[in-house]
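Q: Sending over a structure as structure tokens; questions will come in a sec.
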Amino acid sequence: MADILIIGGGIIGVTLAHELVRRGEDVTLLEKRFIGSGSTFRCGTGIRQQFNDEANVQLMKRSVELWKKYSEEYGFSFQQTGYLFLLYDDDEVTEFKKNIAIQNKFGVPTRLITPEEAKEIVPLLDISEVVAASWNPTDGKADPFHSTAAFALHAKEMGAKFYERTEVKDIIIKNGEIKGVKTNRGVFKTGIVVNATNAWAKLINAMAEVPVRIPIEPYKHQAVITQPIKAGSINPMVISFKYGHAYLTQTAHGGVVGGVGYEEGPIYDLNPSYAFLKEVSYYFTKIIPALGELLILRTWAGYYAKTPDSNAAIGRINEIDEFYIAAGFSGHGFMMAPAVAEMMADLIIKGRTALPAWWFDPYRFERGEFRTTAIQMG
């Protein structure tokens with residue numbers, strides 16, 4: 001018998017298991033493949049507070065605090081190397097000034113800088129068309145492999161039970177109450193279930209016959225890594241909406257990792273495409289011309305589990321006793337995970353939280369109350 005059963009072994013499920021067991025709860029996590037095998041190990045490493053609404057800024061400010069805390073405690077890499085948004089016209093500057101005001105209101109130290117200051121941060125940049133940049137040095141990046149493994153390891157050490165290669169087949173519900181979860185390894189009895197499967201959330205919701213419409217669809221996004229260049233050449237995450245909604249940064253091994261906004265879906269397919277390679281090569285070299293001299297070593301695909309407003313669905317499903325969802329992160333799940341885990345643990349244990357859970361209300365879609373579309377790239 002598991003008091004709380006989490007379906008999904010990505011960073012959201014793993015950090016939630018970690019947070020719940022840290023608070024003394026009995027937790028079991030089920031993952032159909034292996035920990036991190038969904039979107040987590042395919043993500044672009046970025047962690048930012050530069051959003052365009054108060055709720056996401058507050059959530060990410062807390063998340064950055066937790067990333068820093070746990071990286072120091074557990075020894076995985078979290079670097080506050082900043083996010084640099086390149087701006088190319090007055091309309092972009094006006095929009096980002098509004099965003100910066102929101103971020104500054106909550107103590108996030110973003111500021112508008114000149115093209116020359118941006119080039120001091122990343123000397124390889126082509127700033128011939130850049131009119132300004134939005135810069136926050138406290139944003140950063142983390143290693144998804146090491147961080148997810150660290151959270152999982154410490155959760156297990158505190159008593160959480162993880163079952164990999166365990167695929168959920170059905171959710172057993174009687175008179176509105178959860179009785180168990182049927183898997184390829186038998187039935188796990190439980191009274192509380194959290195759907196943390198992100199791109200697969202609609203499949204789990206269907207098993208539970210969730211009566212509310214929660215539109216989460218899988219869209220294929222791709223990424224590349226290049227051969228290594230001199231360490232420290234591109235420390236921050238560099239963003240250009242003008243050039244393909246591109247993002248790029250440098251890994252600890254020196255390679256340049258990133259992607260563009262080339263999207264396919266809704267679809268469950270992870271085959272890389274030549275069309276993406278063509279776009280990423282063109283846009284990357286418009287931002288940093290020197291990248292044209294590099295070889296692309298590898299390309300891969302993952303899912304953005306998207307909602308209509310690019311904000312996740314997080315909360316309790318009222319019609320089913322003790323069924324929760326935390327999914328649909330639209331490319332933001334990795335960065336948000338520690339704070340989402342804290343928020344979800346509050347909701348499950350106390351029924352309330354100081355973090356802005358209302359913004360992510362799963363029922364907003366049914367009511368037609370979409371949020372401000374979250375800033376998204378890649």
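Each chain in the structure tokens gets a letter, A, B and so on, in the order shown; residues start at 1 in every chain, and ligands are counted from 1 in the order they appear.
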I'd like to know which residues of stretch 44-208 of chain A are alpha helix (DSSP H) (by DSSP, run on the backbone); could you write them as a ChimeraX atom specification?
A: /A:54-74,90-105,115-121,144-157,201-207
Q: Each residue of stretch 270-342 of chain A with at least one atom at most 8 Å from stretch 244-257 of chain A should appear once, together with its nearest atom pair and the corresponding distance in Å (one decimal); atoms considered: only C-alpha atoms; ordering: chain, then increasing residue number; output as JSON lines.
A:
```
{"residue": "A:Glu279", "atom": "CA", "partner": "A:Gly244", "partner_atom": "CA", "distance": 7.7}
{"residue": "A:Val280", "atom": "CA", "partner": "A:Ala246", "partner_atom": "CA", "distance": 7.7}
{"residue": "A:Tyr283", "atom": "CA", "partner": "A:Gly244", "partner_atom": "CA", "distance": 6.1}
{"residue": "A:Phe284", "atom": "CA", "partner": "A:Ala246", "partner_atom": "CA", "distance": 7.2}
```
Q: For A:Gln80, which residue out of A:Glu92, A:Glu217, A:Glu264, A:Glu65 is the nearest one, using only C-alpha atoms?
A: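 Between A:Glu92, A:Glu217, A:Glu264, A:Glu65, the residue approaching A:Gln80 most closely is A:Glu65.
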Q: Compile the contact shell of A:Gly180 as a list of chain:residue names: residues with an atom at most 8 Å away, counting only C-alpha atoms, same-chain residues fewer than 5 positions apart removed.
A: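 Contacts, in chain order: A:Ile171, A:Ile172, A:Ile173, A:Val187, A:Phe188, A:Lys189, A:Thr190, A:Gly191.
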Q: Residues within 7 Å of A:Leu112, please, as a PDB file with all heavy atoms, in the first residue's frame. Count only C-alpha atoms; anything in the same chain fewer than 3 positions from it doesn't count.
A:
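To be explicit, this is the file written out as result37.pdb:
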```pdb
ATOM      1  N   ALA A 132      19.170  46.281 -28.074  1.00  0.00           N
ATOM      2  CA  ALA A 132      19.276  46.187 -26.612  1.00  0.00           C
ATOM      3  C   ALA A 132      19.225  44.710 -26.244  1.00  0.00           C
ATOM      4  O   ALA A 132      19.045  43.841 -27.114  1.00  0.00           O
ATOM      5  CB  ALA A 132      18.147  46.946 -25.926  1.00  0.00           C
ATOM      6  N   ALA A 133      19.370  44.417 -24.963  1.00  0.00           N
ATOM      7  CA  ALA A 133      19.262  43.037 -24.475  1.00  0.00           C
ATOM      8  C   ALA A 133      18.709  43.047 -23.060  1.00  0.00           C
ATOM      9  O   ALA A 133      18.910  44.007 -22.309  1.00  0.00           O
ATOM     10  CB  ALA A 133      20.606  42.333 -24.525  1.00  0.00           C
ATOM     11  N   SER A 134      18.001  41.992 -22.715  1.00  0.00           N
ATOM     12  CA  SER A 134      17.497  41.798 -21.364  1.00  0.00           C
ATOM     13  C   SER A 134      18.416  40.803 -20.667  1.00  0.00           C
ATOM     14  O   SER A 134      18.584  39.669 -21.132  1.00  0.00           O
ATOM     15  CB  SER A 134      16.060  41.262 -21.412  1.00  0.00           C
ATOM     16  OG  SER A 134      15.537  41.083 -20.115  1.00  0.00           O
ATOM     17  N   TRP A 135      18.997  41.226 -19.552  1.00  0.00           N
ATOM     18  CA  TRP A 135      20.058  40.438 -18.912  1.00  0.00           C
ATOM     19  C   TRP A 135      19.743  40.206 -17.440  1.00  0.00           C
ATOM     20  O   TRP A 135      19.480  41.145 -16.685  1.00  0.00           O
ATOM     21  CB  TRP A 135      21.391  41.166 -19.054  1.00  0.00           C
ATOM     22  CG  TRP A 135      22.523  40.655 -18.212  1.00  0.00           C
ATOM     23  CD1 TRP A 135      23.189  41.330 -17.230  1.00  0.00           C
ATOM     24  CD2 TRP A 135      23.156  39.358 -18.282  1.00  0.00           C
ATOM     25  NE1 TRP A 135      24.182  40.544 -16.686  1.00  0.00           N
ATOM     26  CE2 TRP A 135      24.181  39.327 -17.306  1.00  0.00           C
ATOM     27  CE3 TRP A 135      22.936  38.224 -19.072  1.00  0.00           C
ATOM     28  CZ2 TRP A 135      24.997  38.212 -17.113  1.00  0.00           C
ATOM     29  CZ3 TRP A 135      23.738  37.103 -18.864  1.00  0.00           C
ATOM     30  CH2 TRP A 135      24.756  37.104 -17.912  1.00  0.00           C
TER      31      TRP A 135
END
```
Q: Please build the interface table for stretch 15-94 of chain A against stretch 306-325 of chain A with a cut-off of 12 Å, listing for each qualifying residue the nearest atom pair and the distance in Å to one decimal; count only C-alpha atoms, order rows by chain and increasing number, and write it as a tab-separated table.
A:
```
residue	atom	partner	partner_atom	distance
A:Leu16	CA	A:Ile325	CA	11.7
A:Phe51	CA	A:Asn311	CA	11.2
A:Asn52	CA	A:Asn311	CA	11.7
A:Asp53	CA	A:Asn311	CA	10.9
A:Ala55	CA	A:Asn311	CA	10.4
A:Asn56	CA	A:Asn311	CA	8.8
```
Q: Please extract the residues of stretch 252-312 of chain A with a backbone DSSP assignment of strand (DSSP E) and present them as a ChimeraX atom specification.
A: /A:256-259,296-306
Q: Using only C-alpha atoms, which residues of stretch 12-117 of chain A come within 9 Å of stretch 143-165 of chain A, and what is the closest atom pair for each, with the distance in Å to one decimal? Give it as JSON lines, sorted by chain and residue number.
A:
```
{"residue": "A:Val14", "atom": "CA", "partner": "A:Ala152", "partner_atom": "CA", "distance": 5.8}
{"residue": "A:Thr15", "atom": "CA", "partner": "A:Phe151", "partner_atom": "CA", "distance": 6.1}
{"residue": "A:Ala17", "atom": "CA", "partner": "A:Ala155", "partner_atom": "CA", "distance": 6.5}
{"residue": "A:His18", "atom": "CA", "partner": "A:Ala155", "partner_atom": "CA", "distance": 4.5}
{"residue": "A:Glu19", "atom": "CA", "partner": "A:Ala155", "partner_atom": "CA", "distance": 7.9}
{"residue": "A:Leu20", "atom": "CA", "partner": "A:Ala160", "partner_atom": "CA", "distance": 8.7}
{"residue": "A:Val21", "atom": "CA", "partner": "A:Ala160", "partner_atom": "CA", "distance": 6.1}
{"residue": "A:Arg22", "atom": "CA", "partner": "A:Met158", "partner_atom": "CA", "distance": 6.8}
{"residue": "A:Gly24", "atom": "CA", "partner": "A:Met158", "partner_atom": "CA", "distance": 8.6}
{"residue": "A:Glu25", "atom": "CA", "partner": "A:Ala160", "partner_atom": "CA", "distance": 8.6}
{"residue": "A:Asp26", "atom": "CA", "partner": "A:Ala160", "partner_atom": "CA", "distance": 6.8}
{"residue": "A:Val27", "atom": "CA", "partner": "A:Ala160", "partner_atom": "CA", "distance": 5.1}
{"residue": "A:Thr28", "atom": "CA", "partner": "A:Lys161", "partner_atom": "CA", "distance": 4.7}
{"residue": "A:Leu29", "atom": "CA", "partner": "A:Phe162", "partner_atom": "CA", "distance": 4.8}
{"residue": "A:Leu30", "atom": "CA", "partner": "A:Tyr163", "partner_atom": "CA", "distance": 5.0}
{"residue": "A:Glu31", "atom": "CA", "partner": "A:Glu164", "partner_atom": "CA", "distance": 4.8}
{"residue": "A:Lys32", "atom": "CA", "partner": "A:Arg165", "partner_atom": "CA", "distance": 4.6}
{"residue": "A:Arg33", "atom": "CA", "partner": "A:Arg165", "partner_atom": "CA", "distance": 4.6}
{"residue": "A:Phe34", "atom": "CA", "partner": "A:Glu164", "partner_atom": "CA", "distance": 5.3}
{"residue": "A:Ile35", "atom": "CA", "partner": "A:Glu164", "partner_atom": "CA", "distance": 7.0}
{"residue": "A:Gly36", "atom": "CA", "partner": "A:Thr148", "partner_atom": "CA", "distance": 7.0}
{"residue": "A:Thr40", "atom": "CA", "partner": "A:Pro144", "partner_atom": "CA", "distance": 6.5}
{"residue": "A:Phe41", "atom": "CA", "partner": "A:Pro144", "partner_atom": "CA", "distance": 5.8}
{"residue": "A:Arg42", "atom": "CA", "partner": "A:Pro144", "partner_atom": "CA", "distance": 8.3}
{"residue": "A:Cys43", "atom": "CA", "partner": "A:Pro144", "partner_atom": "CA", "distance": 7.4}
{"residue": "A:Gly44", "atom": "CA", "partner": "A:Pro144", "partner_atom": "CA", "distance": 8.6}
{"residue": "A:Thr45", "atom": "CA", "partner": "A:Asp143", "partner_atom": "CA", "distance": 6.1}
{"residue": "A:Tyr70", "atom": "CA", "partner": "A:Phe151", "partner_atom": "CA", "distance": 8.5}
{"residue": "A:Ser71", "atom": "CA", "partner": "A:Ser147", "partner_atom": "CA", "distance": 7.6}
{"residue": "A:Tyr74", "atom": "CA", "partner": "A:Ala150", "partner_atom": "CA", "distance": 6.4}
{"residue": "A:Gly75", "atom": "CA", "partner": "A:Ala150", "partner_atom": "CA", "distance": 8.1}
{"residue": "A:Phe76", "atom": "CA", "partner": "A:Ser147", "partner_atom": "CA", "distance": 5.6}
{"residue": "A:Ser77", "atom": "CA", "partner": "A:Asp143", "partner_atom": "CA", "distance": 5.9}
{"residue": "A:Phe78", "atom": "CA", "partner": "A:Asp143", "partner_atom": "CA", "distance": 7.0}
```
Q: As a VMD selection string, please: the residues near A:Ala327 (cut-off 12 Å, only C-alpha atoms, same-chain neighbours under 4 positions excluded).
A: chain A and resid 7 to 8 10 to 13 39 194 to 205 214 to 218 304 to 307 310 to 316 331 to 334 336 to 337 340 to 341 344 360 to 362
Q: Determine, using only C-alpha atoms, which residues of stretch 68-92 of chain A have any atom at most 10 Å from an atom of stretch 96-104 of chain A, and tabulate each with its shortest atom pair and distance in Å to one decimal place, rows ordered by chain and then rising number, as a tab-separated table.
A:
```
residue	atom	partner	partner_atom	distance
A:Phe85	CA	A:Phe96	CA	9.1
A:Leu87	CA	A:Phe96	CA	8.5
A:Asp90	CA	A:Phe96	CA	9.8
A:Asp91	CA	A:Phe96	CA	8.6
A:Glu92	CA	A:Phe96	CA	6.1
```
Q: Save out the residues we just selected, N, CA, C and O atoms, as an mmCIF file, in the first residue's frame.
A:
```cif
data_model
loop_
_atom_site.group_PDB
_atom_site.id
_atom_site.type_symbol
_atom_site.label_atom_id
_atom_site.label_comp_id
_atom_site.auth_asym_id
_atom_site.auth_seq_id
_atom_site.Cartn_x
_atom_site.Cartn_y
_atom_site.Cartn_z
ATOM 1 N N PHE A 85 18.575 37.834 -23.418
ATOM 2 C CA PHE A 85 17.603 37.929 -24.500
ATOM 3 C C PHE A 85 18.018 39.069 -25.429
ATOM 4 O O PHE A 85 18.069 40.234 -25.000
ATOM 5 N N LEU A 87 17.419 41.719 -28.305
ATOM 6 C CA LEU A 87 16.244 42.459 -28.778
ATOM 7 C C LEU A 87 16.619 43.259 -30.017
ATOM 8 O O LEU A 87 17.661 43.910 -30.052
ATOM 9 N N ASP A 90 12.150 48.281 -31.515
ATOM 10 C CA ASP A 90 11.544 49.034 -30.419
ATOM 11 C C ASP A 90 10.381 48.295 -29.775
ATOM 12 O O ASP A 90 10.153 48.419 -28.564
ATOM 13 N N ASP A 91 9.638 47.532 -30.562
ATOM 14 C CA ASP A 91 8.513 46.783 -30.000
ATOM 15 C C ASP A 91 8.993 45.729 -29.001
ATOM 16 O O ASP A 91 8.399 45.561 -27.929
ATOM 17 N N GLU A 92 10.060 45.044 -29.357
ATOM 18 C CA GLU A 92 10.634 44.055 -28.432
ATOM 19 C C GLU A 92 11.132 44.726 -27.162
ATOM 20 O O GLU A 92 10.937 44.226 -26.056
#
```
Q: May I ask which of the residues A:Lys278, A:Arg364, A:Met335, A:Glu54 is the closest one to A:Asp139, counting only C-alpha atoms?
A: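 Of A:Lys278, A:Arg364, A:Met335, A:Glu54, the one nearest A:Asp139, counting only C-alpha atoms, is A:Met335.
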